[in-house]
file coords_4.json (JSON, C-alpha atoms)
[["chain", "number", "residue", "atom", "x", "y", "z"],
["Z", 1, "PRO", "CA", 0.00, 0.00, 0.00],
["Z", 2, "VAL", "CA", 1.10, 3.55, -0.79],
["Z", 3, "LYS", "CA", 1.68, 5.53, 2.41],
["Z", 4, "ILE", "CA", -0.29, 8.76, 2.10],
["Z", 5, "ILE", "CA", -0.73, 12.03, 3.97],
["Z", 6, "PHE", "CA", -3.78, 13.90, 2.66],
["Z", 7, "ASP", "CA", -3.82, 17.71, 2.98],
["Z", 8, "THR", "CA", -7.11, 19.45, 2.12],
["Z", 9, "ASP", "CA", -8.93, 22.79, 2.25],
["Z", 10, "LEU", "CA", -12.21, 20.87, 2.63],
["Z", 11, "GLY", "CA", -15.01, 23.34, 3.25],
["Z", 12, "SER", "CA", -14.59, 25.81, 0.42],
["Z", 13, "ASP", "CA", -15.68, 23.16, -2.10],
["Z", 14, "TYR", "CA", -17.04, 19.66, -1.81],
["Z", 15, "ASP", "CA", -14.94, 17.66, -4.27],
["Z", 16, "ASP", "CA", -12.56, 17.32, -1.28],
["Z", 17, "VAL", "CA", -15.16, 15.05, 0.35],
["Z", 18, "GLY", "CA", -15.29, 12.90, -2.78],
["Z", 19, "ALA", "CA", -11.50, 12.75, -2.82],
["Z", 20, "LEU", "CA", -11.32, 11.68, 0.83],
["Z", 21, "ALA", "CA", -13.99, 9.03, 0.22],
["Z", 22, "PHE", "CA", -11.99, 7.79, -2.77],
["Z", 23, "LEU", "CA", -8.87, 7.62, -0.57],
["Z", 24, "HIS", "CA", -10.68, 5.57, 2.09],
["Z", 25, "ALA", "CA", -11.84, 3.19, -0.64],
["Z", 26, "MET", "CA", -8.22, 2.81, -1.69],
["Z", 27, "ALA", "CA", -7.24, 2.06, 1.90],
["Z", 28, "ASP", "CA", -9.98, -0.55, 2.27],
["Z", 29, "SER", "CA", -8.83, -2.22, -0.95],
["Z", 30, "GLY", "CA", -5.26, -2.45, 0.34],
["Z", 31, "LYS", "CA", -3.83, -0.01, -2.21],
["Z", 32, "ALA", "CA", -3.20, 2.82, 0.26],
["Z", 33, "GLU", "CA", -2.36, 3.39, 3.91],
["Z", 34, "ILE", "CA", -3.64, 6.72, 5.23],
["Z", 35, "LEU", "CA", -1.11, 8.10, 7.71],
["Z", 36, "GLY", "CA", -2.80, 11.40, 8.47],
["Z", 37, "THR", "CA", -5.30, 13.98, 7.24],
["Z", 38, "MET", "CA", -4.45, 17.68, 7.37],
["Z", 39, "ALA", "CA", -6.67, 20.75, 7.13],
["Z", 40, "SER", "CA", -5.14, 23.69, 5.27],
["Z", 41, "ASN", "CA", -8.37, 25.70, 5.66],
["Z", 42, "MET", "CA", -8.94, 27.42, 9.03],
["Z", 43, "TYR", "CA", -12.73, 27.41, 8.55],
["Z", 44, "GLU", "CA", -14.02, 26.14, 11.90],
["Z", 45, "LEU", "CA", -15.82, 23.13, 10.38],
["Z", 46, "THR", "CA", -12.98, 21.88, 8.15],
["Z", 47, "ALA", "CA", -11.30, 19.60, 10.71],
["Z", 48, "PRO", "CA", -14.64, 18.36, 12.14],
["Z", 49, "SER", "CA", -15.82, 17.51, 8.62],
["Z", 50, "ILE", "CA", -12.61, 15.58, 7.91],
["Z", 51, "ASP", "CA", -13.16, 13.77, 11.22],
["Z", 52, "VAL", "CA", -16.74, 12.93, 10.18],
["Z", 53, "ILE", "CA", -15.55, 11.28, 6.95],
["Z", 54, "ASN", "CA", -12.72, 9.41, 8.69],
["Z", 55, "THR", "CA", -15.13, 8.16, 11.37],
["Z", 56, "TYR", "CA", -17.75, 7.13, 8.79],
["Z", 57, "PHE", "CA", -15.14, 4.92, 7.12],
["Z", 58, "ASP", "CA", -14.30, 3.41, 10.51],
["Z", 59, "ARG", "CA", -10.98, 5.19, 10.93],
["Z", 60, "PRO", "CA", -11.80, 7.52, 13.84],
["Z", 61, "GLN", "CA", -8.21, 7.20, 15.06],
["Z", 62, "LEU", "CA", -6.74, 8.96, 12.02],
["Z", 63, "PRO", "CA", -4.99, 12.13, 13.16],
["Z", 64, "VAL", "CA", -6.19, 15.49, 11.83],
["Z", 65, "GLY", "CA", -3.92, 18.53, 11.87],
["Z", 66, "SER", "CA", -4.48, 22.22, 11.10],
["Z", 67, "PRO", "CA", -2.28, 25.31, 10.67],
["Z", 68, "GLU", "CA", -1.08, 26.87, 13.91],
["Z", 69, "THR", "CA", 0.02, 29.99, 12.04],
["Z", 70, "GLY", "CA", -0.75, 31.59, 8.70],
["Z", 71, "GLY", "CA", -3.99, 29.77, 7.99],
["Z", 72, "ILE", "CA", -6.74, 31.13, 5.72],
["Z", 73, "ALA", "CA", -10.44, 30.54, 6.45],
["Z", 74, "ASP", "CA", -12.71, 29.97, 3.47],
["Z", 75, "ILE", "CA", -16.30, 29.14, 4.43],
["Z", 76, "SER", "CA", -18.51, 26.61, 2.68],
["Z", 77, "PRO", "CA", -21.26, 28.51, 0.85],
["Z", 78, "TYR", "CA", -23.66, 25.57, 0.58],
["Z", 79, "HIS", "CA", -24.12, 24.45, 4.22],
["Z", 80, "TRP", "CA", -23.15, 20.85, 3.62],
["Z", 81, "ALA", "CA", -20.36, 21.06, 6.21],
["Z", 82, "ASP", "CA", -22.61, 22.15, 9.08],
["Z", 83, "THR", "CA", -25.12, 19.50, 7.99],
["Z", 84, "ILE", "CA", -22.77, 16.54, 8.16],
["Z", 85, "VAL", "CA", -21.13, 17.79, 11.35],
["Z", 86, "SER", "CA", -24.56, 17.98, 13.02],
["Z", 87, "ARG", "CA", -25.69, 14.57, 11.73],
["Z", 88, "TYR", "CA", -22.69, 12.26, 12.03],
["Z", 89, "PRO", "CA", -20.29, 11.15, 14.79],
["Z", 90, "HIS", "CA", -16.95, 12.92, 15.25],
["Z", 91, "LYS", "CA", -14.67, 14.02, 18.09],
["Z", 92, "ILE", "CA", -13.07, 17.24, 16.83],
["Z", 93, "ARG", "CA", -15.36, 20.20, 17.57],
["Z", 94, "SER", "CA", -13.58, 22.95, 15.65],
["Z", 95, "THR", "CA", -10.54, 23.32, 13.43],
["Z", 96, "SER", "CA", -8.76, 25.35, 16.09],
["Z", 97, "ASP", "CA", -8.98, 22.32, 18.40],
["Z", 98, "ALA", "CA", -6.98, 20.14, 16.01],
["Z", 99, "PRO", "CA", -3.26, 19.68, 16.72],
["Z", 100, "ASP", "CA", -0.63, 21.69, 14.87],
["Z", 101, "ALA", "CA", -0.20, 20.29, 11.37],
["Z", 102, "VAL", "CA", 3.57, 20.85, 11.32],
["Z", 103, "ASN", "CA", 4.12, 18.82, 14.48],
["Z", 104, "LEU", "CA", 1.85, 16.12, 13.10],
["Z", 105, "TYR", "CA", 3.68, 16.06, 9.77],
["Z", 106, "ARG", "CA", 7.00, 15.80, 11.57],
["Z", 107, "LYS", "CA", 5.81, 12.96, 13.83],
["Z", 108, "ILE", "CA", 4.38, 10.98, 10.93],
["Z", 109, "LEU", "CA", 7.33, 11.48, 8.61],
["Z", 110, "ALA", "CA", 9.91, 10.72, 11.30],
["Z", 111, "SER", "CA", 8.21, 7.38, 11.99],
["Z", 112, "GLN", "CA", 8.14, 6.17, 8.37],
["Z", 113, "PRO", "CA", 10.74, 4.38, 6.22],
["Z", 114, "ASP", "CA", 12.93, 6.52, 4.00],
["Z", 115, "LYS", "CA", 11.44, 7.63, 0.64],
["Z", 116, "SER", "CA", 8.12, 5.95, 1.43],
["Z", 117, "VAL", "CA", 5.52, 8.74, 1.88],
["Z", 118, "VAL", "CA", 3.37, 10.34, -0.81],
["Z", 119, "ILE", "CA", 1.85, 13.69, 0.19],
["Z", 120, "ILE", "CA", -1.34, 14.70, -1.63],
["Z", 121, "THR", "CA", -2.37, 18.35, -1.39],
["Z", 122, "VAL", "CA", -5.78, 19.39, -2.64],
["Z", 123, "GLY", "CA", -5.90, 22.78, -0.98],
["Z", 124, "TYR", "CA", -3.58, 25.57, 0.09],
["Z", 125, "LEU", "CA", 0.15, 25.00, 0.54],
["Z", 126, "THR", "CA", 0.17, 26.59, 4.01],
["Z", 127, "ASN", "CA", 1.06, 23.46, 5.96],
["Z", 128, "LEU", "CA", 3.84, 22.40, 3.59],
["Z", 129, "SER", "CA", 5.41, 25.85, 3.65],
["Z", 130, "ASN", "CA", 5.42, 25.74, 7.44],
["Z", 131, "LEU", "CA", 6.81, 22.18, 7.36],
["Z", 132, "LEU", "CA", 9.73, 23.15, 5.11],
["Z", 133, "LYS", "CA", 10.60, 26.02, 7.48],
["Z", 134, "SER", "CA", 10.38, 23.87, 10.63],
["Z", 135, "GLN", "CA", 13.49, 23.42, 12.75],
["Z", 136, "PRO", "CA", 15.00, 20.34, 14.44],
["Z", 137, "ASP", "CA", 13.17, 19.45, 17.64],
["Z", 138, "ASP", "CA", 12.53, 16.57, 20.02],
["Z", 139, "ILE", "CA", 10.56, 14.82, 17.27],
["Z", 140, "SER", "CA", 13.45, 14.71, 14.80],
["Z", 141, "PRO", "CA", 16.99, 16.11, 14.63],
["Z", 142, "LEU", "CA", 16.25, 17.02, 11.01],
["Z", 143, "GLY", "CA", 14.86, 20.33, 9.82],
["Z", 144, "GLY", "CA", 11.73, 20.26, 7.71],
["Z", 145, "LYS", "CA", 13.45, 20.29, 4.32],
["Z", 146, "GLU", "CA", 15.86, 17.55, 5.35],
["Z", 147, "LEU", "CA", 12.96, 15.49, 6.74],
["Z", 148, "VAL", "CA", 11.16, 15.80, 3.41],
["Z", 149, "ILE", "CA", 14.31, 14.76, 1.53],
["Z", 150, "ARG", "CA", 14.70, 11.72, 3.79],
["Z", 151, "LYS", "CA", 11.10, 10.51, 4.00],
["Z", 152, "VAL", "CA", 8.95, 11.77, 1.09],
["Z", 153, "LYS", "CA", 8.77, 9.91, -2.20],
["Z", 154, "ARG", "CA", 6.55, 12.36, -4.10],
["Z", 155, "LEU", "CA", 4.28, 15.37, -3.71],
["Z", 156, "VAL", "CA", 1.04, 15.38, -5.73],
["Z", 157, "THR", "CA", -0.66, 18.77, -5.95],
["Z", 158, "MET", "CA", -4.07, 19.75, -7.31],
["Z", 159, "GLY", "CA", -3.56, 23.20, -8.74],
["Z", 160, "GLY", "CA", -1.97, 25.22, -11.50],
["Z", 161, "ILE", "CA", -2.78, 26.25, -15.06],
["Z", 162, "PHE", "CA", -0.82, 24.34, -17.70],
["Z", 163, "PRO", "CA", 0.91, 24.86, -20.01],
["Z", 164, "GLY", "CA", 0.03, 28.49, -20.70],
["Z", 165, "GLY", "CA", -0.24, 29.68, -17.10],
["Z", 166, "GLY", "CA", -2.86, 31.63, -15.15],
["Z", 167, "ARG", "CA", -4.36, 31.86, -11.67],
["Z", 168, "SER", "CA", -5.45, 28.67, -9.91],
["Z", 169, "PHE", "CA", -7.56, 28.84, -6.74],
["Z", 170, "ASN", "CA", -5.47, 26.49, -4.59],
["Z", 171, "ILE", "CA", -2.32, 28.39, -5.48],
["Z", 172, "PHE", "CA", -3.47, 32.01, -5.22],
["Z", 173, "MET", "CA", -5.45, 31.64, -1.97],
["Z", 174, "ASP", "CA", -2.13, 31.45, -0.10],
["Z", 175, "SER", "CA", 0.20, 32.58, -2.86],
["Z", 176, "THR", "CA", 3.09, 33.26, -0.48],
["Z", 177, "SER", "CA", 3.11, 29.65, 0.72],
["Z", 178, "SER", "CA", 2.59, 28.30, -2.79],
["Z", 179, "GLU", "CA", 5.54, 30.25, -4.16],
["Z", 180, "TYR", "CA", 7.76, 29.13, -1.28],
["Z", 181, "VAL", "CA", 6.85, 25.45, -1.56],
["Z", 182, "PHE", "CA", 7.21, 25.15, -5.32],
["Z", 183, "ARG", "CA", 10.53, 27.02, -5.27],
["Z", 184, "ASN", "CA", 12.00, 25.09, -2.35],
["Z", 185, "TRP", "CA", 10.47, 21.59, -2.42],
["Z", 186, "PRO", "CA", 13.44, 19.21, -2.68],
["Z", 187, "GLY", "CA", 11.80, 16.45, -4.70],
["Z", 188, "GLU", "CA", 9.39, 15.57, -7.46],
["Z", 189, "ILE", "CA", 6.03, 17.36, -7.67],
["Z", 190, "VAL", "CA", 3.23, 16.09, -9.89],
["Z", 191, "PHE", "CA", 0.55, 18.69, -10.73],
["Z", 192, "THR", "CA", -2.98, 17.90, -11.79],
["Z", 193, "GLY", "CA", -4.07, 21.24, -13.18],
["Z", 194, "ASP", "CA", -7.45, 22.93, -13.16],
["Z", 195, "ASP", "CA", -8.23, 21.79, -16.70],
["Z", 196, "ILE", "CA", -8.06, 18.09, -15.77],
["Z", 197, "GLY", "CA", -10.66, 17.87, -13.00],
["Z", 198, "GLU", "CA", -13.09, 20.27, -14.63],
["Z", 199, "LYS", "CA", -13.75, 17.71, -17.39],
["Z", 200, "ILE", "CA", -14.55, 14.91, -14.93],
["Z", 201, "LYS", "CA", -17.96, 15.42, -13.33],
["Z", 202, "THR", "CA", -18.98, 13.06, -10.54],
["Z", 203, "GLY", "CA", -21.78, 12.86, -7.99],
["Z", 204, "LEU", "CA", -24.85, 12.05, -10.05],
["Z", 205, "LEU", "CA", -24.44, 8.29, -9.74],
["Z", 206, "LEU", "CA", -23.59, 8.72, -6.08],
["Z", 207, "ILE", "CA", -26.71, 10.65, -5.08],
["Z", 208, "ASN", "CA", -28.93, 8.30, -7.11],
["Z", 209, "SER", "CA", -27.31, 5.16, -5.72],
["Z", 210, "GLY", "CA", -29.76, 4.65, -2.86],
["Z", 211, "ILE", "CA", -26.94, 4.73, -0.28],
["Z", 212, "LYS", "CA", -28.39, 5.80, 3.07],
["Z", 213, "ASN", "CA", -26.90, 7.55, 6.10],
["Z", 214, "SER", "CA", -23.76, 8.64, 4.29],
["Z", 215, "PRO", "CA", -22.05, 12.00, 4.86],
["Z", 216, "VAL", "CA", -20.54, 11.65, 1.40],
["Z", 217, "CYS", "CA", -23.96, 11.30, -0.25],
["Z", 218, "ASP", "CA", -25.40, 14.08, 1.91],
["Z", 219, "THR", "CA", -22.56, 16.41, 0.94],
["Z", 220, "TYR", "CA", -23.04, 15.83, -2.77],
["Z", 221, "ARG", "CA", -26.83, 15.98, -2.59],
["Z", 222, "ILE", "CA", -26.74, 19.36, -0.84],
["Z", 223, "GLY", "CA", -23.80, 20.71, -2.82],
["Z", 224, "MET", "CA", -25.18, 19.77, -6.21],
["Z", 225, "LEU", "CA", -28.64, 21.11, -5.39],
["Z", 226, "LEU", "CA", -27.49, 24.49, -4.08],
["Z", 227, "SER", "CA", -24.68, 25.05, -6.57],
["Z", 228, "GLY", "CA", -26.70, 24.03, -9.61],
["Z", 229, "ASP", "CA", -24.28, 21.25, -10.54],
["Z", 230, "THR", "CA", -27.07, 19.14, -12.02],
["Z", 231, "LEU", "CA", -24.69, 16.95, -14.05],
["Z", 232, "GLY", "CA", -22.19, 16.46, -11.22],
["Z", 233, "ARG", "CA", -19.33, 18.36, -9.59],
["Z", 234, "MET", "CA", -15.94, 18.87, -11.18],
["Z", 235, "SER", "CA", -13.52, 16.30, -9.75],
["Z", 236, "TRP", "CA", -10.31, 18.26, -9.33],
["Z", 237, "ASP", "CA", -9.26, 16.71, -6.02],
["Z", 238, "GLN", "CA", -10.14, 13.11, -6.90],
["Z", 239, "THR", "CA", -7.58, 13.23, -9.72],
["Z", 240, "ALA", "CA", -4.86, 14.03, -7.18],
["Z", 241, "VAL", "CA", -5.79, 10.98, -5.10],
["Z", 242, "LEU", "CA", -5.87, 8.87, -8.25],
["Z", 243, "ILE", "CA", -2.32, 9.96, -9.11],
["Z", 244, "GLY", "CA", -1.12, 9.58, -5.52],
["Z", 245, "VAL", "CA", -2.26, 5.96, -5.37],
["Z", 246, "TYR", "CA", -1.89, 4.69, -8.95],
["Z", 247, "GLY", "CA", 0.78, 6.97, -10.37],
["Z", 248, "THR", "CA", 0.33, 8.47, -13.80],
["Z", 249, "ASP", "CA", 1.06, 5.73, -16.33],
["Z", 250, "THR", "CA", -2.41, 4.23, -16.81],
["Z", 251, "PHE", "CA", -4.51, 7.37, -16.74],
["Z", 252, "PHE", "CA", -2.26, 10.24, -17.81],
["Z", 253, "ASP", "CA", 0.64, 11.44, -19.88],
["Z", 254, "THR", "CA", 3.13, 13.78, -18.21],
["Z", 255, "VAL", "CA", 5.20, 16.79, -19.21],
["Z", 256, "ARG", "CA", 8.35, 17.62, -17.25],
["Z", 257, "GLY", "CA", 9.53, 21.12, -16.54],
["Z", 258, "LYS", "CA", 9.38, 23.87, -13.94],
["Z", 259, "ILE", "CA", 6.51, 25.90, -12.47],
["Z", 260, "THR", "CA", 7.04, 29.49, -11.36],
["Z", 261, "VAL", "CA", 4.52, 31.15, -9.02],
["Z", 262, "TYR", "CA", 4.26, 34.94, -8.73],
["Z", 263, "PRO", "CA", 3.11, 37.14, -5.81],
["Z", 264, "ASP", "CA", -0.42, 37.45, -7.22],
["Z", 265, "GLY", "CA", -0.74, 33.65, -7.25],
["Z", 266, "SER", "CA", -0.48, 33.24, -10.99],
["Z", 267, "ASN", "CA", 1.82, 30.63, -12.45],
["Z", 268, "THR", "CA", 3.84, 30.08, -15.60],
["Z", 269, "TRP", "CA", 5.41, 26.90, -16.90],
["Z", 270, "LYS", "CA", 8.62, 26.06, -18.76],
["Z", 271, "ASP", "CA", 9.21, 22.65, -20.35],
["Z", 272, "ASP", "CA", 12.42, 20.91, -19.29],
["Z", 273, "PRO", "CA", 13.00, 17.17, -19.82],
["Z", 274, "GLU", "CA", 15.24, 17.16, -16.74],
["Z", 275, "GLY", "CA", 12.76, 19.07, -14.54],
["Z", 276, "ILE", "CA", 11.44, 17.67, -11.24],
["Z", 277, "HIS", "CA", 8.00, 19.22, -11.78],
["Z", 278, "LEU", "CA", 5.46, 17.40, -13.95],
["Z", 279, "TYR", "CA", 1.95, 18.26, -15.07],
["Z", 280, "VAL", "CA", -0.48, 15.64, -16.34],
["Z", 281, "LYS", "CA", -2.57, 15.39, -19.49],
["Z", 282, "LEU", "CA", -5.50, 13.00, -19.86],
["Z", 283, "LYS", "CA", -4.66, 9.75, -21.62],
["Z", 284, "MET", "CA", -7.73, 7.72, -20.61],
["Z", 285, "GLY", "CA", -11.11, 8.86, -21.95],
["Z", 286, "VAL", "CA", -13.14, 11.25, -19.79],
["Z", 287, "ASP", "CA", -16.14, 8.90, -19.47],
["Z", 288, "GLU", "CA", -13.96, 5.97, -18.45],
["Z", 289, "ILE", "CA", -11.96, 7.87, -15.83],
["Z", 290, "THR", "CA", -15.16, 9.49, -14.50],
["Z", 291, "ARG", "CA", -16.76, 6.10, -13.90],
["Z", 292, "PHE", "CA", -13.56, 4.74, -12.35],
["Z", 293, "ILE", "CA", -13.49, 7.57, -9.82],
["Z", 294, "GLU", "CA", -17.20, 7.63, -9.01],
["Z", 295, "ASP", "CA", -17.40, 3.86, -8.50],
["Z", 296, "ARG", "CA", -14.85, 4.29, -5.72],
["Z", 297, "MET", "CA", -16.59, 7.35, -4.29],
["Z", 298, "MET", "CA", -19.61, 5.06, -3.72],
["Z", 299, "HIS", "CA", -17.53, 2.66, -1.60],
["Z", 300, "LEU", "CA", -19.24, 1.69, 1.66],
["Z", 301, "PRO", "CA", -17.45, 1.46, 5.01],
["Z", 302, "ILE", "CA", -15.91, -1.83, 6.08],
["Z", 303, "LYS", "CA", -16.41, -2.47, 9.77],
["Z", 304, "ARG", "CA", -13.21, -3.76, 11.38]]
call {"tool": "encode", "arguments": {"input": "coords_4.json", "output": "structure tokens"}}
result
Amino acid sequence: PVKIIFDTDLGSDYDDVGALAFLHAMADSGKAEILGTMASNMYELTAPSIDVINTYFDRPQLPVGSPETGGIADISPYHWADTIVSRYPHKIRSTSDAPDAVNLYRKILASQPDKSVVIITVGYLTNLSNLLKSQPDDISPLGGKELVIRKVKRLVTMGGIFPGGGRSFNIFMDSTSSEYVFRNWPGEIVFTGDDIGEKIKTGLLLINSGIKNSPVCDTYRIGMLLSGDTLGRMSWDQTAVLIGVYGTDTFFDTVRGKITVYPDGSNTWKDDPEGIHLYVKLKMGVDEITRFIEDRMMHLPIKR
């Protein structure tokens, strides 16, 4: 199983919930091991909502971290977060109650084999910027950058406009952190850009599946109704989980190069066959990849 830390701004959009459900399906199938779930969004219901999904999939012990400093709060406009938090079991009452994400990252990474961890970010880069800047402590004698070099195999990021460049939500919301991470990350970064997930619309099969008492179904039912996504929600974040677990070979082609992020949060791209940044292009058909993702979003919990 691929060892994964999942970092999300869950709350501002609801494809994060589909991505986390997909990840739990991967864990139940033996393809992934979820080491931790991080909130990059300081919205008070982000960490509780993550906890709801983890608990629903019978992993209430999964740690949830949140930014201690520099966090941005972006509130859910469709009231699905307050709905699932009020309806389903969880222990974390507010995002500010969750432990510091940097300490949690450091504890998890320090405990894992070298070059074994895949980090998937589907939100702001706040936590990773803080991690890179972290200093040696009683958790590890390594600074953050050295810990990443030692323990992380790959970073998969949902965000960016490729190849022409532009402004991508996950990058410009905390542009300072995004610029710092993409300039200083000491290993490979795979980007699934905005244009990939916007073609893949999921949720319609899910809400018509007849699944009962599911925070995932409730989220999509409310989100699709209030946002007018009658044909399904764009699946930006699910593509990052797909890449984190399966890699790129089956589903995507890749282009190597280098991303540059500017103070306004916009990005440009330069091709370079020796570059450690890669963006993906769809290789599998949209209908086929959509069904592959949504089938796994409809996964039911396995009681252990």
call {"tool": "closest_atom_pairs", "arguments": {"input": "coords_4.json", "of": "stretch 9-69 of chain Z", "to": "stretch 169-180 of chain Z", "cutoff": "12 Å", "atoms": "all atoms listed in the file", "output": "JSON lines"}}
result
{"residue": "Z:Asp9", "atom": "CA", "partner": "Z:Asn170", "partner_atom": "CA", "distance": 8.5}
{"residue": "Z:Leu10", "atom": "CA", "partner": "Z:Asn170", "partner_atom": "CA", "distance": 11.4}
{"residue": "Z:Ser12", "atom": "CA", "partner": "Z:Asn170", "partner_atom": "CA", "distance": 10.4}
{"residue": "Z:Asp13", "atom": "CA", "partner": "Z:Phe169", "partner_atom": "CA", "distance": 10.9}
{"residue": "Z:Ser40", "atom": "CA", "partner": "Z:Asp174", "partner_atom": "CA", "distance": 9.9}
{"residue": "Z:Asn41", "atom": "CA", "partner": "Z:Met173", "partner_atom": "CA", "distance": 10.1}
{"residue": "Z:Thr69", "atom": "CA", "partner": "Z:Ser177", "partner_atom": "CA", "distance": 11.7}
call {"tool": "residues_around", "arguments": {"input": "coords_4.json", "residues": "Z:Trp269", "least_positions_apart": "6", "cutoff": "6 Å", "atoms": "all atoms listed in the file", "output": "PyMOL selection string"}}
result
chain Z and resi 163+258-259
call {"tool": "atom_distance", "arguments": {"input": "coords_4.json", "atom1": "atom CA of Z:Val156", "atom2": "atom CA of Z:Thr192"}}
result
7.7 Å
call {"tool": "closest_residue", "arguments": {"input": "coords_4.json", "among": "Z:Lys107, Z:Arg233, Z:Arg154, Z:Arg291", "to": "Z:Leu278", "atoms": "only C-alpha atoms"}}
result
Z:Arg154
call {"tool": "closest_residue", "arguments": {"input": "coords_4.json", "among": "Z:Ile4, Z:Val52, Z:Ile200, Z:Leu109", "to": "Z:Ile149", "atoms": "only C-alpha atoms"}}
result
Z:Leu109
call {"tool": "axis_aligned_box", "arguments": {"input": "coords_4.json", "around": "stretch 242-259 of chain Z", "padding_each_side": "8 Å", "output": "lines of an AutoDock Vina configuration file"}}
result
center_x = 1.8
center_y = 15.1
center_z = -12.6
size_x = 31.4
size_y = 37.7
size_z = 30.5
call {"tool": "residues_around", "arguments": {"input": "coords_4.json", "residues": "Z:Gly257", "least_positions_apart": "3", "cutoff": "12 Å", "atoms": "all atoms listed in the file", "output": "ChimeraX atom specification"}}
result
/Z:162-163,188-191,254,260,268-280
